[in-house]
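Right, one structure below, let's go through it.
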Amino acid sequence: MKDLAHYMRPGTLQLGALPPLSLYVHLPWCIRKCPYCDFNSHEMKPGQLPEQDYLAAVVADLEQSLPQVWGRGVHSIFIGGGTPSLFSPEGIDRLLADIRARLRLEADCEVTLEANPGTFEKDRFRAFRDAGVTRLSVGVQSFNDAHLKAVGRVHDRAQAIAACEEAADAFDTFNIDLMYALPGQTLAHLEADLSQALSLSPPHLSVYHLTLEPNTYFAKFPPVVPSDDEAFAMLDRITERTGAAGMARYEVSAYAREGHRCWHNVNYWQFGDYLGLGAGAHGKLSFAHRVLRQVRYRDPARYMDAARAGDAVAQEEEVARADLPFEYMLNALRLREGFLLRDFTERTGLPLSAIEPALARAEARGLLAREPGRARPTERGFDFLSDLQAMFLPNP
Ligand SMILES: C[S@@+](CC[C@H](N)C(=O)[O-])C[C@H]1O[C@@H](n2cnc3c(N)ncnc32)[C@H](O)[C@@H]1O
Ligand code: SF4
């Protein structure tokens with residue numbers, strides 16, 4: 001890790017102010033690897049988790065990173081994975097105390113923890129809340145036993161329902177993760193999953209199209225999944241049904257009741273900053289004259305060694321000036337409400353003239369709408385999002 005003067009030296013960008021800062025902590029273990037999953041997660045028996053050593057490494061990593069975020073308040077923390085609910089509530093309590101002792105958390109700091117709906121995890125939900133977690137994200141995926149089996153989940157429908165009920169009781173706000181276009185799933189199955197999810201009145205739903213990611217078991221042995229047309233029909237139903245239940249689709253995959261958007265994810269999409277701690281964690285940090293991206297060592301053992309030795313960062317690079325418009329749009333155009341033109345200038349350090357021609361072209365194609373001080377994707381722009389985003393590539 002370089003010294004602070006290196007990050008503060010003059011550069012080609014001029015950021016007017018630093019964006020809000022979030023903290024991401026990656027806990028990289030799961031009981032079993034799901035066949036579709038390309039996240040940095042590794043199989044581990046719960047009893048064998050090197051919890052103390054890992055958390056000590058995360059805190060060492062945080063200490064080494066402090067000069068890069070000196071004096072800045074933290075608006076949200078996201079403890080993701082992997083399966084963070086495999087960690088003990090005492091471990092999470094200590095982790096949050098260690099973070100609070102080193103960083104200034106804003107009074108309303110959102111603290112999310114990802115949980116799997118296994119029975120032994122459900123019994124810990126209240127203890128996670130007592131440790132300071134304010135928001136639980138439950139990885140349900142489906143309420144259909146056959147489909148849960150088809151995507152290799154370790155829990156069943158009954159456990160998923162029990163976990164969501166417990167999350168609703170224990171937390172003021174929580175999220176359910178669902179996936180659709182699952183092997184063997186019909187529109188009627190999807191409707192049933194949605195009805196079940198909505199009957200639990202979740203304040204927030206994340207619904208993802210199952211993707212067959214490279215380097216997963218499913219990439220090697222692809223299951224038969226619904227056609228693109230069927231998947232489109234499913235997405236339409238998801239938007240309709242959630243809308244009727246009072247949830248707005250505020251981002252491509254995110255639906256929320258008023259006041260329950262995920263602050264942490266919104267900060268990513270608004271091109272805010274985040275310090276990423278833990279194995280393979282990604283981070284983005286702004287300085288007066290540059291925007292930096294970092295990646296920590298991916299292998300948990302290697303990460304722990306590196307953090308203990310004083311530098312857990314495997315890769316660090318400045319975002320090139322020419323790449324900033326696309327990087328910004330990749331995030332901001334995922335939001336239904338788009339972005340403030342002022343935020344573009346503030347967060348990239350570039351003048352508006354850098355994107356003016358692309359904005360005009362996107363508007364002419366009906367993919368983007370402009371209002372005073374703001375630009376947002378149109379209905380059509382949302383449907384053809386990657387085309388819209390690509391218009392901001394350095395040489396389209
Ligand atoms: C980082 S995962 C962690 C949550 C937790 N470990 C779990 O699986 O329940 C976050 C979410 O991403 C979604 N996801 C993961 N892999 C996916 C894939 N290949 N296609 C679509 N969604 C995926 C799942 O809904 C999952 O809950
Ligand atoms: S439980 Fe979540 S993070 Fe773990 S392998 Fe399955 S999808 Fe990936």
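Residues in the structure tokens are named by chain (A, B, ... in the order shown) and by number from 1 within that chain; ligands are numbered from 1 in the order shown.
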Which chain A residues have any atom within 7 Å of an atom of ligand 2, and for each, what is the nearest pair of atoms with distance in Å to one decimal, counting only C-alpha atoms and all ligand atoms, rows sorted by chain and number, as a tab-separated table?
residue	atom	partner	partner_atom_place_in_ligand_line	distance
A:Trp29	CA	ligand 2	4 (Fe)	6.9
A:Cys30	CA	ligand 2	4 (Fe)	4.7
A:Arg32	CA	ligand 2	5 (S)	6.2
A:Lys33	CA	ligand 2	5 (S)	3.8
A:Cys34	CA	ligand 2	6 (Fe)	4.1
A:Cys37	CA	ligand 2	8 (Fe)	4.5
A:Asp38	CA	ligand 2	8 (Fe)	6.7
A:Phe39	CA	ligand 2	8 (Fe)	5.6
A:Ser41	CA	ligand 2	3 (S)	5.5
A:Gly81	CA	ligand 2	3 (S)	5.4
A:Gly82	CA	ligand 2	3 (S)	3.8
A:Thr83	CA	ligand 2	4 (Fe)	5.7
A:Asn116	CA	ligand 2	1 (S)	6.7
A:Arg153	CA	ligand 2	6 (Fe)	6.9
Resulting file, chosen residues, N, CA and C atoms, as a tab-separated table (two decimals), in the first residue's frame:
chain	number	residue	atom	x	y	z
A	29	TRP	N	-17.17	-18.00	3.16
A	29	TRP	CA	-17.42	-19.44	3.27
A	29	TRP	C	-18.90	-19.77	3.22
A	30	CYS	N	-19.19	-20.97	2.71
A	30	CYS	CA	-20.56	-21.51	2.67
A	30	CYS	C	-20.49	-22.98	3.04
A	32	ARG	N	-22.10	-25.35	1.46
A	32	ARG	CA	-21.97	-26.06	0.19
A	32	ARG	C	-21.98	-25.04	-0.93
A	33	LYS	N	-21.17	-25.27	-1.96
A	33	LYS	CA	-21.12	-24.33	-3.09
A	33	LYS	C	-22.33	-24.59	-4.00
A	34	CYS	N	-23.12	-23.56	-4.29
A	34	CYS	CA	-24.25	-23.72	-5.19
A	34	CYS	C	-23.75	-23.81	-6.64
A	37	CYS	N	-23.17	-20.49	-8.69
A	37	CYS	CA	-22.58	-19.33	-8.00
A	37	CYS	C	-21.13	-19.07	-8.39
A	38	ASP	N	-20.85	-17.84	-8.82
A	38	ASP	CA	-19.46	-17.49	-9.14
A	38	ASP	C	-18.91	-16.46	-8.15
A	39	PHE	N	-19.57	-16.33	-7.00
A	39	PHE	CA	-19.03	-15.43	-5.97
A	39	PHE	C	-17.80	-16.08	-5.34
A	41	SER	N	-16.74	-17.74	-2.86
A	41	SER	CA	-17.20	-18.49	-1.70
A	41	SER	C	-16.62	-19.89	-1.75
A	81	GLY	N	-21.29	-12.24	1.35
A	81	GLY	CA	-20.49	-13.46	1.22
A	81	GLY	C	-20.69	-14.13	-0.11
A	82	GLY	N	-20.45	-15.40	-0.06
A	82	GLY	CA	-20.39	-16.31	1.07
A	82	GLY	C	-21.68	-16.27	1.91
A	83	THR	N	-21.56	-16.87	3.06
A	83	THR	CA	-22.68	-16.96	3.99
A	83	THR	C	-22.27	-16.35	5.33
A	116	ASN	N	-28.37	-17.08	5.14
A	116	ASN	CA	-29.05	-18.19	4.47
A	116	ASN	C	-30.15	-18.70	5.40
A	153	ARG	N	-29.71	-25.82	-3.42
A	153	ARG	CA	-29.75	-25.13	-2.13
A	153	ARG	C	-29.83	-26.13	-0.98
- Give the residue list for ligand 1 at 7 Å, counting only C-alpha atoms and all ligand atoms, as a PyMOL selection string, sorted by chain and then by residue number. chain A and resi 36-39+80-83+114-116+138-141+177-179+207-213
- Enumerate the residues of range 41-132 of chain A with a DSSP assignment of strand (DSSP E or B), computed from the backbone, and present them as a PyMOL selection string. chain A and resi 42-43+73-81+104-115
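Among A:Asp93, A:Ala390, A:Leu66, A:Pro20, the residue with the shortest atom-to-atom distance to Trp269 in chain A, counting only C-alpha atoms, is A:Pro20.
Coordinates place CA of Val319 in chain A at a distance of 17.2 Å from CA of Gln389 in chain A.
Of the listed residues A:Val313, A:Met247, A:Leu292, A:Ala369, the one whose atoms come nearest to Tyr7 in chain A is A:Leu292, with distances taken using only C-alpha atoms.
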For Leu333 in chain A, work out the shell of residues within 9 Å, counting only C-alpha atoms and skipping chain neighbours fewer than 3 positions away, then give it as a CSV table (one decimal) with N, CA and C atoms, in the first residue's frame.
chain,number,residue,atom,x,y,z
A,251,GLU,N,-34.6,-0.1,-9.1
A,251,GLU,CA,-33.4,-0.5,-9.8
A,251,GLU,C,-33.7,-1.8,-10.6
A,269,TRP,N,-24.7,2.4,-6.9
A,269,TRP,CA,-25.3,2.8,-8.2
A,269,TRP,C,-25.2,4.3,-8.4
A,328,TYR,N,-19.4,5.3,-14.8
A,328,TYR,CA,-20.5,6.0,-14.1
A,328,TYR,C,-21.8,5.5,-14.6
A,329,MET,N,-22.0,5.4,-15.9
A,329,MET,CA,-23.3,5.0,-16.5
A,329,MET,C,-23.7,3.6,-16.2
A,330,LEU,N,-22.7,2.7,-16.1
A,330,LEU,CA,-22.9,1.3,-15.8
A,330,LEU,C,-23.7,1.2,-14.5
A,336,ARG,N,-33.9,3.6,-11.7
A,336,ARG,CA,-35.1,4.1,-12.4
A,336,ARG,C,-35.1,5.6,-12.5
A,337,GLU,N,-34.6,6.3,-11.4
A,337,GLU,CA,-34.6,7.7,-11.4
A,337,GLU,C,-33.4,8.3,-12.0
A,338,GLY,N,-32.5,7.5,-12.5
A,338,GLY,CA,-31.3,8.0,-13.2
A,338,GLY,C,-30.4,8.8,-12.2
A,339,PHE,N,-29.9,9.9,-12.7
A,339,PHE,CA,-28.9,10.6,-11.9
A,339,PHE,C,-29.0,12.1,-12.1
A,375,ALA,N,-31.0,13.2,-15.7
A,375,ALA,CA,-31.2,12.3,-16.8
A,375,ALA,C,-31.6,10.9,-16.3
A,376,ARG,N,-32.5,10.3,-16.9
A,376,ARG,CA,-32.9,9.0,-16.5
A,376,ARG,C,-33.3,8.1,-17.7
A,377,PRO,N,-33.1,6.7,-17.5
A,377,PRO,CA,-33.5,5.9,-18.6
A,377,PRO,C,-35.0,5.9,-18.8
A,381,GLY,N,-35.3,2.4,-22.5
A,381,GLY,CA,-33.9,2.4,-22.1
A,381,GLY,C,-33.6,1.4,-21.0
A,382,PHE,N,-34.6,1.2,-20.1
A,382,PHE,CA,-34.5,0.2,-19.1
A,382,PHE,C,-34.5,-1.2,-19.7
A,385,LEU,N,-31.0,-1.8,-21.6
A,385,LEU,CA,-30.0,-1.1,-20.7
A,385,LEU,C,-28.6,-1.3,-21.2
A,388,LEU,N,-27.9,1.1,-24.0
A,388,LEU,CA,-27.8,2.5,-23.5
A,388,LEU,C,-26.5,2.7,-22.8
A,389,GLN,N,-26.1,1.8,-22.0
A,389,GLN,CA,-24.8,2.0,-21.3
A,389,GLN,C,-23.6,2.1,-22.3
- Task: Have a look at A:Leu187, A:Tyr274, A:Phe221, A:Pro202 and name the one nearest to Gly246 in chain A; count only C-alpha atoms.
- Result: A:Pro202
- Mind the document's chain letters and residue numbers, and return as a PyMOL selection string the residues of range 150-311 of chain A that DSSP labels alpha helix (DSSP H). chain A and resi 150+157-170+187-199+217-220+228-244+263-269+300-309
Residues as selected, C-alpha atoms, written as an mmCIF file, in the first residue's frame, can you do that?
data_model
loop_
_atom_site.group_PDB
_atom_site.id
_atom_site.type_symbol
_atom_site.label_atom_id
_atom_site.label_comp_id
_atom_site.auth_asym_id
_atom_site.auth_seq_id
_atom_site.Cartn_x
_atom_site.Cartn_y
_atom_site.Cartn_z
ATOM 1 C CA ALA A 150 -32.475 -28.084 -8.843
ATOM 2 C CA ARG A 157 -39.464 -24.181 1.499
ATOM 3 C CA ALA A 158 -40.505 -24.555 5.154
ATOM 4 C CA GLN A 159 -37.126 -23.295 6.380
ATOM 5 C CA ALA A 160 -37.268 -20.364 3.946
ATOM 6 C CA ILE A 161 -40.711 -19.309 5.229
ATOM 7 C CA ALA A 162 -39.641 -19.706 8.879
ATOM 8 C CA ALA A 163 -36.494 -17.652 8.261
ATOM 9 C CA CYS A 164 -38.423 -14.805 6.588
ATOM 10 C CA GLU A 165 -40.984 -14.755 9.417
ATOM 11 C CA GLU A 166 -38.181 -14.540 11.944
ATOM 12 C CA ALA A 167 -36.467 -11.781 9.932
ATOM 13 C CA ALA A 168 -39.753 -9.830 9.862
ATOM 14 C CA ASP A 169 -40.143 -10.190 13.641
ATOM 15 C CA ALA A 170 -36.563 -9.389 14.549
ATOM 16 C CA LEU A 187 -44.885 -18.828 -15.232
ATOM 17 C CA ALA A 188 -47.352 -20.460 -12.819
ATOM 18 C CA HIS A 189 -44.491 -21.611 -10.567
ATOM 19 C CA LEU A 190 -43.070 -18.106 -10.606
ATOM 20 C CA GLU A 191 -46.483 -16.690 -9.672
ATOM 21 C CA ALA A 192 -46.603 -19.068 -6.710
ATOM 22 C CA ASP A 193 -43.111 -18.014 -5.568
ATOM 23 C CA LEU A 194 -44.146 -14.354 -5.823
ATOM 24 C CA SER A 195 -47.401 -14.906 -3.933
ATOM 25 C CA GLN A 196 -45.517 -16.642 -1.162
ATOM 26 C CA ALA A 197 -42.837 -13.935 -1.018
ATOM 27 C CA LEU A 198 -45.382 -11.080 -1.005
ATOM 28 C CA SER A 199 -47.486 -12.749 1.694
ATOM 29 C CA TYR A 217 -20.859 -26.293 -12.285
ATOM 30 C CA PHE A 218 -23.834 -25.051 -14.342
ATOM 31 C CA ALA A 219 -21.495 -23.694 -17.039
ATOM 32 C CA LYS A 220 -20.055 -27.195 -17.415
ATOM 33 C CA ASP A 228 -35.744 -15.722 -23.133
ATOM 34 C CA ASP A 229 -39.400 -15.022 -24.018
ATOM 35 C CA GLU A 230 -40.595 -16.938 -20.977
ATOM 36 C CA ALA A 231 -38.057 -15.124 -18.794
ATOM 37 C CA PHE A 232 -39.291 -11.730 -20.139
ATOM 38 C CA ALA A 233 -42.860 -12.716 -19.317
ATOM 39 C CA MET A 234 -41.728 -13.640 -15.799
ATOM 40 C CA LEU A 235 -40.011 -10.281 -15.326
ATOM 41 C CA ASP A 236 -43.199 -8.499 -16.437
ATOM 42 C CA ARG A 237 -45.202 -10.411 -13.838
ATOM 43 C CA ILE A 238 -42.630 -9.637 -11.148
ATOM 44 C CA THR A 239 -42.841 -5.902 -11.862
ATOM 45 C CA GLU A 240 -46.666 -5.975 -12.012
ATOM 46 C CA ARG A 241 -47.194 -8.024 -8.868
ATOM 47 C CA THR A 242 -44.647 -6.118 -6.759
ATOM 48 C CA GLY A 243 -46.105 -2.828 -8.035
ATOM 49 C CA ALA A 244 -49.608 -3.912 -7.021
ATOM 50 C CA TRP A 263 -28.884 2.591 1.076
ATOM 51 C CA HIS A 264 -25.698 0.583 0.540
ATOM 52 C CA ASN A 265 -26.604 -0.569 -2.963
ATOM 53 C CA VAL A 266 -27.968 2.847 -3.928
ATOM 54 C CA ASN A 267 -24.570 4.265 -2.995
ATOM 55 C CA TYR A 268 -22.893 1.819 -5.426
ATOM 56 C CA TRP A 269 -25.319 2.804 -8.173
ATOM 57 C CA PRO A 300 -8.987 -16.711 2.064
ATOM 58 C CA ALA A 301 -5.693 -18.187 3.390
ATOM 59 C CA ARG A 302 -3.627 -15.946 1.121
ATOM 60 C CA TYR A 303 -5.732 -12.954 2.159
ATOM 61 C CA MET A 304 -5.210 -13.660 5.857
ATOM 62 C CA ASP A 305 -1.444 -14.005 5.360
ATOM 63 C CA ALA A 306 -1.287 -10.804 3.340
ATOM 64 C CA ALA A 307 -3.361 -8.810 5.835
ATOM 65 C CA ARG A 308 -1.171 -10.058 8.683
ATOM 66 C CA ALA A 309 1.910 -9.084 6.684
#
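From CA of Leu23 in chain A back to CA of Arg9 in chain A, the distance works out to 24.5 Å.
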- Note on the structure: Taken to one decimal, the CA of Glu63 in chain A-CA of Ala312 in chain A distance is 11.0 Å
- Pick out the closest residue to Gly11 in chain A from this set: A:Arg102, A:Arg380, A:Arg370, A:His289. Count only C-alpha atoms. A:His289
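Every protein or nucleic acid residue with an atom no more than 10 Å from Arg94 in chain A, counting only C-alpha atoms and leaving out same-chain residues fewer than 5 positions away, appears here: A:Gln52, A:Leu55, A:Ala56, A:Ser88, A:Pro89, A:Ile99, A:Arg100, A:Ala131.
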Okay, now the selection with N, CA and C atoms, as an mmCIF file, in the first residue's frame?
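The resulting file, part.cif, is shown below:
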data_model
loop_
_atom_site.group_PDB
_atom_site.id
_atom_site.type_symbol
_atom_site.label_atom_id
_atom_site.label_comp_id
_atom_site.auth_asym_id
_atom_site.auth_seq_id
_atom_site.Cartn_x
_atom_site.Cartn_y
_atom_site.Cartn_z
ATOM 1 N N GLN A 52 -11.983 -16.472 14.262
ATOM 2 C CA GLN A 52 -11.187 -15.458 14.977
ATOM 3 C C GLN A 52 -10.045 -14.933 14.121
ATOM 4 N N LEU A 55 -11.422 -12.709 11.265
ATOM 5 C CA LEU A 55 -11.879 -11.388 11.698
ATOM 6 C C LEU A 55 -10.695 -10.513 12.112
ATOM 7 N N ALA A 56 -9.671 -11.128 12.700
ATOM 8 C CA ALA A 56 -8.467 -10.366 13.058
ATOM 9 C C ALA A 56 -7.804 -9.829 11.785
ATOM 10 N N SER A 88 -20.519 -16.499 14.070
ATOM 11 C CA SER A 88 -21.290 -16.409 15.312
ATOM 12 C C SER A 88 -21.711 -14.957 15.556
ATOM 13 N N PRO A 89 -22.846 -14.756 16.252
ATOM 14 C CA PRO A 89 -23.241 -13.393 16.612
ATOM 15 C C PRO A 89 -22.151 -12.686 17.426
ATOM 16 N N ILE A 99 -14.941 -2.075 14.102
ATOM 17 C CA ILE A 99 -15.127 -1.072 13.046
ATOM 18 C C ILE A 99 -15.461 0.276 13.685
ATOM 19 N N ARG A 100 -16.407 0.260 14.642
ATOM 20 C CA ARG A 100 -16.827 1.510 15.310
ATOM 21 C C ARG A 100 -15.682 2.195 16.029
ATOM 22 N N ALA A 131 -26.272 -7.413 17.939
ATOM 23 C CA ALA A 131 -24.872 -7.076 17.661
ATOM 24 C C ALA A 131 -24.753 -5.765 16.872
#
- Skip Val25 in chain A itself and residues of its chain fewer than 4 positions away, then list as a PyMOL selection string all residues within 10 Å of it, counting only C-alpha atoms. chain A and resi 55+58+62+77-81+84+95+113+275-282
Convert the current residue selection to file output with C-alpha atoms, as a compact mmCIF listing (two decimals), in the first residue's frame.
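again.txt was written with the following content:
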# COMPACT_ATOMS: atom_id res chain seq x y z
CA LEU A 55 -11.88 -11.39 11.70
CA VAL A 58 -10.18 -8.03 8.43
CA LEU A 62 -9.06 -1.98 8.00
CA ILE A 77 -21.91 -1.39 6.13
CA PHE A 78 -22.69 -4.53 4.14
CA ILE A 79 -21.47 -7.88 5.47
CA GLY A 80 -21.74 -10.15 2.45
CA GLY A 81 -20.49 -13.46 1.22
CA PRO A 84 -22.01 -14.41 6.74
CA LEU A 95 -16.34 -7.07 14.16
CA LEU A 113 -25.92 -8.91 6.92
CA LEU A 275 -13.92 0.42 1.11
CA GLY A 276 -13.95 -3.35 0.47
CA LEU A 277 -12.41 -5.51 3.20
CA GLY A 278 -12.07 -9.30 3.21
CA ALA A 279 -11.00 -11.95 0.71
CA GLY A 280 -11.53 -10.85 -2.90
CA ALA A 281 -13.40 -7.71 -1.86
CA HIS A 282 -13.60 -4.89 -4.40
